$ cat query-v9.pdb   # PDB, C-alpha atoms
ATOM      1  CA  MET A 690      22.047  -1.419 -23.988
ATOM      2  CA  ALA A 691      18.726  -0.431 -25.503
ATOM      3  CA  GLU A 692      15.684  -2.624 -25.019
ATOM      4  CA  LEU A 693      14.474  -4.542 -28.067
ATOM      5  CA  LYS A 694      10.953  -3.442 -28.971
ATOM      6  CA  ALA A 695      10.496  -3.935 -32.722
ATOM      7  CA  VAL A 696      11.599  -5.844 -35.813
ATOM      8  CA  VAL A 697      11.680  -4.411 -39.341
ATOM      9  CA  PHE A 698      11.573  -6.999 -42.125
ATOM     10  CA  ASP A 699      12.363  -6.823 -45.796
ATOM     11  CA  SER A 700       9.624  -8.745 -47.647
ATOM     12  CA  ASP A 701      10.759 -10.338 -50.940
ATOM     13  CA  GLY A 702      13.472 -12.905 -50.353
ATOM     14  CA  THR A 703      13.155 -12.555 -46.591
ATOM     15  CA  LEU A 704       9.552 -13.413 -45.713
ATOM     16  CA  LEU A 705       8.234 -14.333 -49.148
ATOM     17  CA  ASN A 706       9.844 -16.510 -51.795
ATOM     18  CA  SER A 707       8.676 -14.379 -54.681
ATOM     19  CA  PHE A 708      11.589 -14.405 -57.112
ATOM     20  CA  GLU A 709       9.659 -16.262 -59.823
ATOM     21  CA  LEU A 710       6.830 -13.734 -59.500
ATOM     22  CA  ILE A 711       9.276 -10.822 -59.684
ATOM     23  CA  ALA A 712      11.102 -12.232 -62.713
ATOM     24  CA  ALA A 713       7.772 -12.919 -64.438
ATOM     25  CA  ALA A 714       6.676  -9.343 -63.749
ATOM     26  CA  TYR A 715       9.796  -7.911 -65.409
ATOM     27  CA  ARG A 716       9.256 -10.223 -68.373
ATOM     28  CA  HIS A 717       5.610  -9.136 -68.659
ATOM     29  CA  VAL A 718       6.535  -5.449 -68.444
ATOM     30  CA  ALA A 719       9.183  -5.826 -71.144
ATOM     31  CA  GLU A 720       6.865  -7.741 -73.468
ATOM     32  CA  SER A 721       4.008  -5.291 -72.908
ATOM     33  CA  HIS A 722       6.179  -2.311 -73.843
ATOM     34  CA  LYS A 723       8.218  -4.116 -76.524
ATOM     35  CA  LEU A 724      11.460  -3.777 -74.580
ATOM     36  CA  ARG A 725      14.383  -6.110 -74.048
ATOM     37  CA  ILE A 726      13.552  -8.848 -71.531
ATOM     38  CA  PRO A 727      16.109  -8.947 -68.695
ATOM     39  CA  SER A 728      17.484 -12.337 -67.816
ATOM     40  CA  PRO A 729      16.744 -13.846 -64.392
ATOM     41  CA  GLU A 730      20.402 -13.256 -63.502
ATOM     42  CA  GLU A 731      20.098  -9.565 -64.361
ATOM     43  CA  VAL A 732      16.948  -9.296 -62.257
ATOM     44  CA  ARG A 733      18.573 -11.039 -59.302
ATOM     45  CA  PHE A 734      21.583  -8.721 -59.503
ATOM     46  CA  GLN A 735      19.332  -5.658 -59.198
ATOM     47  CA  LEU A 736      17.227  -6.868 -56.274
ATOM     48  CA  GLY A 737      17.525  -4.735 -53.178
ATOM     49  CA  LYS A 738      17.313  -1.498 -55.177
ATOM     50  CA  SER A 739      14.047   0.409 -55.425
ATOM     51  CA  LEU A 740      11.668  -0.569 -58.213
ATOM     52  CA  PRO A 741      11.992   2.769 -60.081
ATOM     53  CA  ASP A 742      15.793   2.574 -59.918
ATOM     54  CA  ILE A 743      15.758  -0.952 -61.353
ATOM     55  CA  PHE A 744      13.551   0.091 -64.260
ATOM     56  CA  LYS A 745      15.773   3.120 -64.869
ATOM     57  CA  ALA A 746      18.804   0.818 -64.975
ATOM     58  CA  PHE A 747      17.152  -1.524 -67.475
ATOM     59  CA  TYR A 748      15.431   1.133 -69.611
ATOM     60  CA  PRO A 749      17.069   4.556 -69.069
ATOM     61  CA  ASN A 750      15.197   6.238 -71.924
ATOM     62  CA  TYR A 751      11.694   4.981 -71.162
ATOM     63  CA  ASP A 752       8.809   6.436 -69.110
ATOM     64  CA  VAL A 753       9.288   4.728 -65.739
ATOM     65  CA  LYS A 754       5.754   5.516 -64.573
ATOM     66  CA  ARG A 755       4.264   3.479 -67.418
ATOM     67  CA  LEU A 756       6.502   0.550 -66.511
ATOM     68  CA  LEU A 757       5.582   0.802 -62.829
ATOM     69  CA  ASP A 758       1.858   0.837 -63.657
ATOM     70  CA  THR A 759       2.192  -2.301 -65.777
ATOM     71  CA  ASN A 760       4.249  -3.984 -63.065
ATOM     72  CA  SER A 761       1.669  -3.130 -60.379
ATOM     73  CA  GLN A 762      -1.170  -4.586 -62.404
ATOM     74  CA  PHE A 763       0.749  -7.825 -62.961
ATOM     75  CA  ILE A 764       1.729  -8.227 -59.293
ATOM     76  CA  ALA A 765      -1.839  -7.579 -58.143
ATOM     77  CA  ALA A 766      -3.192 -10.182 -60.569
ATOM     78  CA  ASN A 767      -0.588 -12.816 -59.690
ATOM     79  CA  ALA A 768       0.026 -12.368 -55.961
ATOM     80  CA  MET A 769      -1.036 -15.976 -55.359
ATOM     81  CA  SER A 770       2.073 -17.239 -57.133
ATOM     82  CA  SER A 771       4.379 -16.065 -54.340
ATOM     83  CA  GLU A 772       5.209 -18.506 -51.554
ATOM     84  CA  ALA A 773       5.840 -17.994 -47.863
ATOM     85  CA  PHE A 774       9.188 -19.185 -46.598
ATOM     86  CA  ALA A 775       8.959 -22.038 -44.094
ATOM     87  CA  GLY A 776       8.249 -20.888 -40.571
ATOM     88  CA  LEU A 777       6.783 -17.504 -41.539
ATOM     89  CA  HIS A 778       3.483 -17.654 -39.667
ATOM     90  CA  GLU A 779       5.018 -19.353 -36.638
ATOM     91  CA  MET A 780       7.722 -16.681 -36.415
ATOM     92  CA  LEU A 781       5.368 -13.730 -36.773
ATOM     93  CA  GLU A 782       2.930 -15.143 -34.238
ATOM     94  CA  ALA A 783       5.715 -15.815 -31.723
ATOM     95  CA  LEU A 784       7.248 -12.356 -32.047
ATOM     96  CA  HIS A 785       3.859 -10.657 -31.925
ATOM     97  CA  ALA A 786       2.919 -12.646 -28.837
ATOM     98  CA  ARG A 787       6.109 -11.465 -27.135
ATOM     99  CA  GLY A 788       4.936  -7.874 -27.557
ATOM    100  CA  LEU A 789       7.262  -6.827 -30.378
ATOM    101  CA  LYS A 790       6.075  -4.302 -32.925
ATOM    102  CA  LEU A 791       6.610  -5.591 -36.486
ATOM    103  CA  ALA A 792       7.133  -3.630 -39.700
ATOM    104  CA  ILE A 793       7.831  -4.125 -43.403
ATOM    105  CA  LEU A 794      10.427  -2.117 -45.339
ATOM    106  CA  THR A 795      10.436  -3.055 -49.015
ATOM    107  CA  SER A 796      12.018  -1.631 -52.148
ATOM    108  CA  GLY A 797       8.839  -2.594 -53.997
ATOM    109  CA  ASN A 798       5.663  -0.546 -54.279
ATOM    110  CA  HIS A 799       2.254  -0.472 -52.582
ATOM    111  CA  LYS A 800       1.324  -3.829 -54.090
ATOM    112  CA  VAL A 801       3.266  -5.449 -51.255
ATOM    113  CA  VAL A 802       0.026  -5.040 -49.313
ATOM    114  CA  ASP A 803      -1.680  -7.476 -51.707
ATOM    115  CA  LEU A 804       1.041 -10.046 -51.020
ATOM    116  CA  LEU A 805       0.699  -9.618 -47.254
ATOM    117  CA  LYS A 806      -3.071 -10.034 -47.490
ATOM    118  CA  HIS A 807      -2.745 -13.084 -49.722
ATOM    119  CA  HIS A 808      -0.572 -14.765 -47.109
ATOM    120  CA  ARG A 809      -2.849 -13.528 -44.289
ATOM    121  CA  ILE A 810      -0.069 -11.796 -42.409
ATOM    122  CA  GLU A 811      -1.007  -8.114 -42.802
ATOM    123  CA  LYS A 812      -2.495  -8.093 -39.274
ATOM    124  CA  TYR A 813       0.943  -8.486 -37.711
ATOM    125  CA  PHE A 814       2.453  -5.263 -39.060
ATOM    126  CA  SER A 815       2.181  -1.835 -37.454
ATOM    127  CA  SER A 816       3.950  -0.225 -40.416
ATOM    128  CA  VAL A 817       4.400  -1.061 -44.095
ATOM    129  CA  VAL A 818       6.921   1.176 -45.858
ATOM    130  CA  HIS A 819       7.402   0.867 -49.633
ATOM    131  CA  HIS A 820       9.335   3.033 -52.073
ATOM    132  CA  GLU A 821       6.345   5.263 -52.830
ATOM    133  CA  ARG A 822       6.266   6.450 -49.223
ATOM    134  CA  ILE A 823       9.864   7.710 -49.079
ATOM    135  CA  LYS A 824      12.260   9.828 -51.114
ATOM    136  CA  ALA A 825      15.482   7.897 -50.527
ATOM    137  CA  PRO A 826      15.469   4.091 -51.002
ATOM    138  CA  LYS A 827      17.519   1.552 -49.070
ATOM    139  CA  PRO A 828      20.333   1.653 -47.966
ATOM    140  CA  ASP A 829      19.381   5.201 -46.942
ATOM    141  CA  PRO A 830      17.873   4.936 -43.441
ATOM    142  CA  GLU A 831      14.777   7.011 -44.276
ATOM    143  CA  GLY A 832      12.467   4.013 -44.705
ATOM    144  CA  PHE A 833      13.702   2.295 -41.547
ATOM    145  CA  LEU A 834      13.282   5.499 -39.560
ATOM    146  CA  LEU A 835       9.721   5.900 -40.837
ATOM    147  CA  ALA A 836       8.900   2.289 -39.978
ATOM    148  CA  VAL A 837      10.160   2.527 -36.406
ATOM    149  CA  HIS A 838       8.436   5.880 -35.942
ATOM    150  CA  GLU A 839       5.130   4.311 -36.954
ATOM    151  CA  CYS A 840       5.848   1.472 -34.519
ATOM    152  CA  GLY A 841       6.392   4.031 -31.766
ATOM    153  CA  VAL A 842       9.976   2.986 -31.024
ATOM    154  CA  LYS A 843      13.483   4.380 -31.473
ATOM    155  CA  PRO A 844      15.890   3.126 -34.186
ATOM    156  CA  GLY A 845      18.155   1.561 -31.565
ATOM    157  CA  GLU A 846      15.211  -0.470 -30.270
ATOM    158  CA  ALA A 847      14.545  -2.245 -33.586
ATOM    159  CA  ILE A 848      16.235  -5.066 -35.495
ATOM    160  CA  MET A 849      16.576  -5.027 -39.288
ATOM    161  CA  VAL A 850      16.068  -8.417 -40.976
ATOM    162  CA  GLY A 851      16.815  -8.861 -44.678
ATOM    163  CA  ASP A 852      18.314 -11.085 -47.332
ATOM    164  CA  THR A 853      20.517  -8.602 -49.202
ATOM    165  CA  THR A 854      23.563  -6.493 -48.390
ATOM    166  CA  VAL A 855      21.391  -3.425 -48.977
ATOM    167  CA  ASP A 856      19.131  -4.474 -46.089
ATOM    168  CA  ILE A 857      22.062  -4.896 -43.738
ATOM    169  CA  HIS A 858      23.560  -1.540 -44.718
ATOM    170  CA  THR A 859      20.147   0.045 -44.117
ATOM    171  CA  GLY A 860      19.995  -1.250 -40.564
ATOM    172  CA  LYS A 861      23.560  -0.167 -39.836
ATOM    173  CA  ASN A 862      22.990   3.290 -41.343
ATOM    174  CA  ALA A 863      19.894   3.735 -39.170
ATOM    175  CA  GLY A 864      21.605   2.693 -35.942
ATOM    176  CA  ALA A 865      19.481  -0.431 -35.500
ATOM    177  CA  PHE A 866      19.607  -2.573 -32.370
ATOM    178  CA  ALA A 867      21.052  -5.346 -34.563
ATOM    179  CA  THR A 868      21.047  -6.607 -38.133
ATOM    180  CA  ILE A 869      20.059 -10.124 -39.203
ATOM    181  CA  ALA A 870      20.894 -11.523 -42.634
ATOM    182  CA  VAL A 871      18.882 -14.546 -43.735
ATOM    183  CA  THR A 872      20.537 -16.753 -46.332
ATOM    184  CA  HIS A 873      17.502 -18.347 -48.016
ATOM    185  CA  GLY A 874      16.917 -15.284 -50.206
ATOM    186  CA  TYR A 875      18.545 -13.550 -53.138
ATOM    187  CA  SER A 876      22.145 -12.952 -51.984
ATOM    188  CA  SER A 877      24.997 -15.379 -51.519
ATOM    189  CA  VAL A 878      26.313 -16.254 -48.082
ATOM    190  CA  ASP A 879      29.681 -14.747 -48.967
ATOM    191  CA  LYS A 880      28.140 -11.426 -49.972
ATOM    192  CA  LEU A 881      26.095 -11.268 -46.794
ATOM    193  CA  ARG A 882      29.063 -12.194 -44.632
ATOM    194  CA  SER A 883      31.124  -9.438 -46.283
ATOM    195  CA  VAL A 884      28.929  -6.706 -44.751
ATOM    196  CA  ASN A 885      29.200  -8.115 -41.227
ATOM    197  CA  PRO A 886      25.607  -8.592 -40.096
ATOM    198  CA  ASP A 887      25.252  -9.193 -36.380
ATOM    199  CA  TYR A 888      23.615 -12.540 -37.150
ATOM    200  CA  LEU A 889      23.788 -14.697 -40.277
ATOM    201  CA  LEU A 890      20.912 -17.196 -40.200
ATOM    202  CA  GLU A 891      19.631 -19.824 -42.602
ATOM    203  CA  ASP A 892      15.856 -19.605 -42.146
ATOM    204  CA  LEU A 893      12.935 -18.008 -40.323
ATOM    205  CA  TYR A 894      12.954 -20.628 -37.566
ATOM    206  CA  ALA A 895      16.454 -19.460 -36.661
ATOM    207  CA  VAL A 896      15.324 -15.831 -36.899
ATOM    208  CA  LYS A 897      12.500 -16.501 -34.444
ATOM    209  CA  SER A 898      14.689 -18.273 -31.885
ATOM    210  CA  THR A 899      17.484 -15.700 -32.147
ATOM    211  CA  ILE A 900      15.188 -12.719 -31.647
ATOM    212  CA  CYS A 901      13.357 -14.388 -28.761
ATOM    213  CA  LYS A 902      16.698 -14.977 -27.024
ATOM    214  CA  LEU A 903      17.460 -11.264 -27.300
ATOM    215  CA  LEU A 904      14.334 -10.284 -25.364
TER     216      LEU A 904
END

$ encode --input "query-v9.pdb" --output "structure tokens"
Amino acid sequence: MAELKAVVFDSDGTLLNSFELIAAAYRHVAESHKLRIPSPEEVRFQLGKSLPDIFKAFYPNYDVKRLLDTNSQFIAANAMSSEAFAGLHEMLEALHARGLKLAILTSGNHKVVDLLKHHRIEKYFSSVVHHERIKAPKPDPEGFLLAVHECGVKPGEAIMVGDTTVDIHTGKNAGAFATIAVTHGYSSVDKLRSVNPDYLLEDLYAVKSTICKLL
């Protein structure tokens, strides 16, 4: 069996409890461009897809670039309204101390860097991959493969951790060492269980202990 050398994390819903920020951003974008405001349920249903694909789904006849620019400005101005899930800093510090390379793979855009800096966790990550850096979004393995490449490891030496079925499919499609689904995010337990993650865990404390046991 391959040696575990890295962990690739989704960000929103996995490390950061940012649903209210995300929903507010979609509301702001819609109001700014005089478009229909999606309900929180509609937003939640779309999460896991890339940001451009979500805007295309909501507004198929509108200039997506204009919507993305408005969204980026709002996220940058309101990054402080996102919250870290319990155990975040402890987990990252423990995994980093054990010599694991850590990476982010998000369906969002480059503004994820602002969120990482706000929570003072950017120092832990050897790679941050967002949708603007790749052609094919999750569940295509392109982003995962880029992240592990930048960490200097092979796909089979890295775990994928996420809170949606898309994240788990991404790890499986890339040939990850293992997949971990965390249930405190945006998908239901039943949905996550249906895609057979290697581990189904309730919080970041459990993620930390599980990964450390695999070393």

$ closest_atom_pairs --input "query-v9.pdb" --of "region 832-867 of chain A" --to "region 702-720 of chain A" --cutoff "10 Å" --atoms "all atoms listed in the file" --output "Markdown table"
| residue | atom | partner | partner_atom | distance |
| --- | --- | --- | --- | --- |
| A:Val850 | CA | A:Thr703 | CA | 7.6 |
| A:Gly851 | CA | A:Thr703 | CA | 5.5 |
| A:Asp852 | CA | A:Thr703 | CA | 5.4 |
| A:Thr853 | CA | A:Gly702 | CA | 8.3 |

$ residues_around --input "query-v9.pdb" --residues "Asp752 (chain A)" --least-positions-apart "5" --cutoff "12 Å" --atoms "all atoms listed in the file" --output "short mmCIF file (atom, residue, chain, number, x, y, z; two decimals) with C-alpha atoms, in the coordinates of the input"
data_model
loop_
_atom_site.label_atom_id
_atom_site.label_comp_id
_atom_site.auth_asym_id
_atom_site.auth_seq_id
_atom_site.Cartn_x
_atom_site.Cartn_y
_atom_site.Cartn_z
CA HIS A 722 6.18 -2.31 -73.84
CA LEU A 724 11.46 -3.78 -74.58
CA PRO A 741 11.99 2.77 -60.08
CA PHE A 744 13.55 0.09 -64.26
CA LYS A 745 15.77 3.12 -64.87
CA PHE A 747 17.15 -1.52 -67.47
CA LEU A 757 5.58 0.80 -62.83
CA ASP A 758 1.86 0.84 -63.66
CA THR A 759 2.19 -2.30 -65.78
#

$ axis_aligned_box --input "query-v9.pdb" --around "region 765-783 of chain A" --padding-each-side "5 Å" --output "AutoDock Vina command-line options"
--center_x 3.0 --center_y -14.8 --center_z -46.1 --size_x 22.4 --size_y 24.5 --size_z 38.8

$ closest_residue --input "query-v9.pdb" --among "A:Val753, A:Ile857, A:Ala870, A:Ala863" --to "Leu835 (chain A)" --atoms "only C-alpha atoms"
A:Ala863

$ atom_distance --input "query-v9.pdb" --atom1 "CA of Ser816 (chain A)" --atom2 "CA of Tyr894 (chain A)"
22.5 Å

$ resolve_selection --input "query-v9.pdb" --expression "the PyMOL selection byres ((chain A and resi 873) around 7)" --output "CSV table (one decimal) with C-alpha atoms, keeping the file's coordinate frame"
chain,number,residue,atom,x,y,z
A,871,VAL,CA,18.9,-14.5,-43.7
A,872,THR,CA,20.5,-16.8,-46.3
A,874,GLY,CA,16.9,-15.3,-50.2
A,891,GLU,CA,19.6,-19.8,-42.6
A,892,ASP,CA,15.9,-19.6,-42.1

$ resolve_selection --input "query-v9.pdb" --expression "the PyMOL selection byres ((chain A and resi 792) around 12)" --output "PyMOL selection string"
chain A and resi 694-700+704+781+784-785+789-791+793-795+805+810-819+832-842+847-850
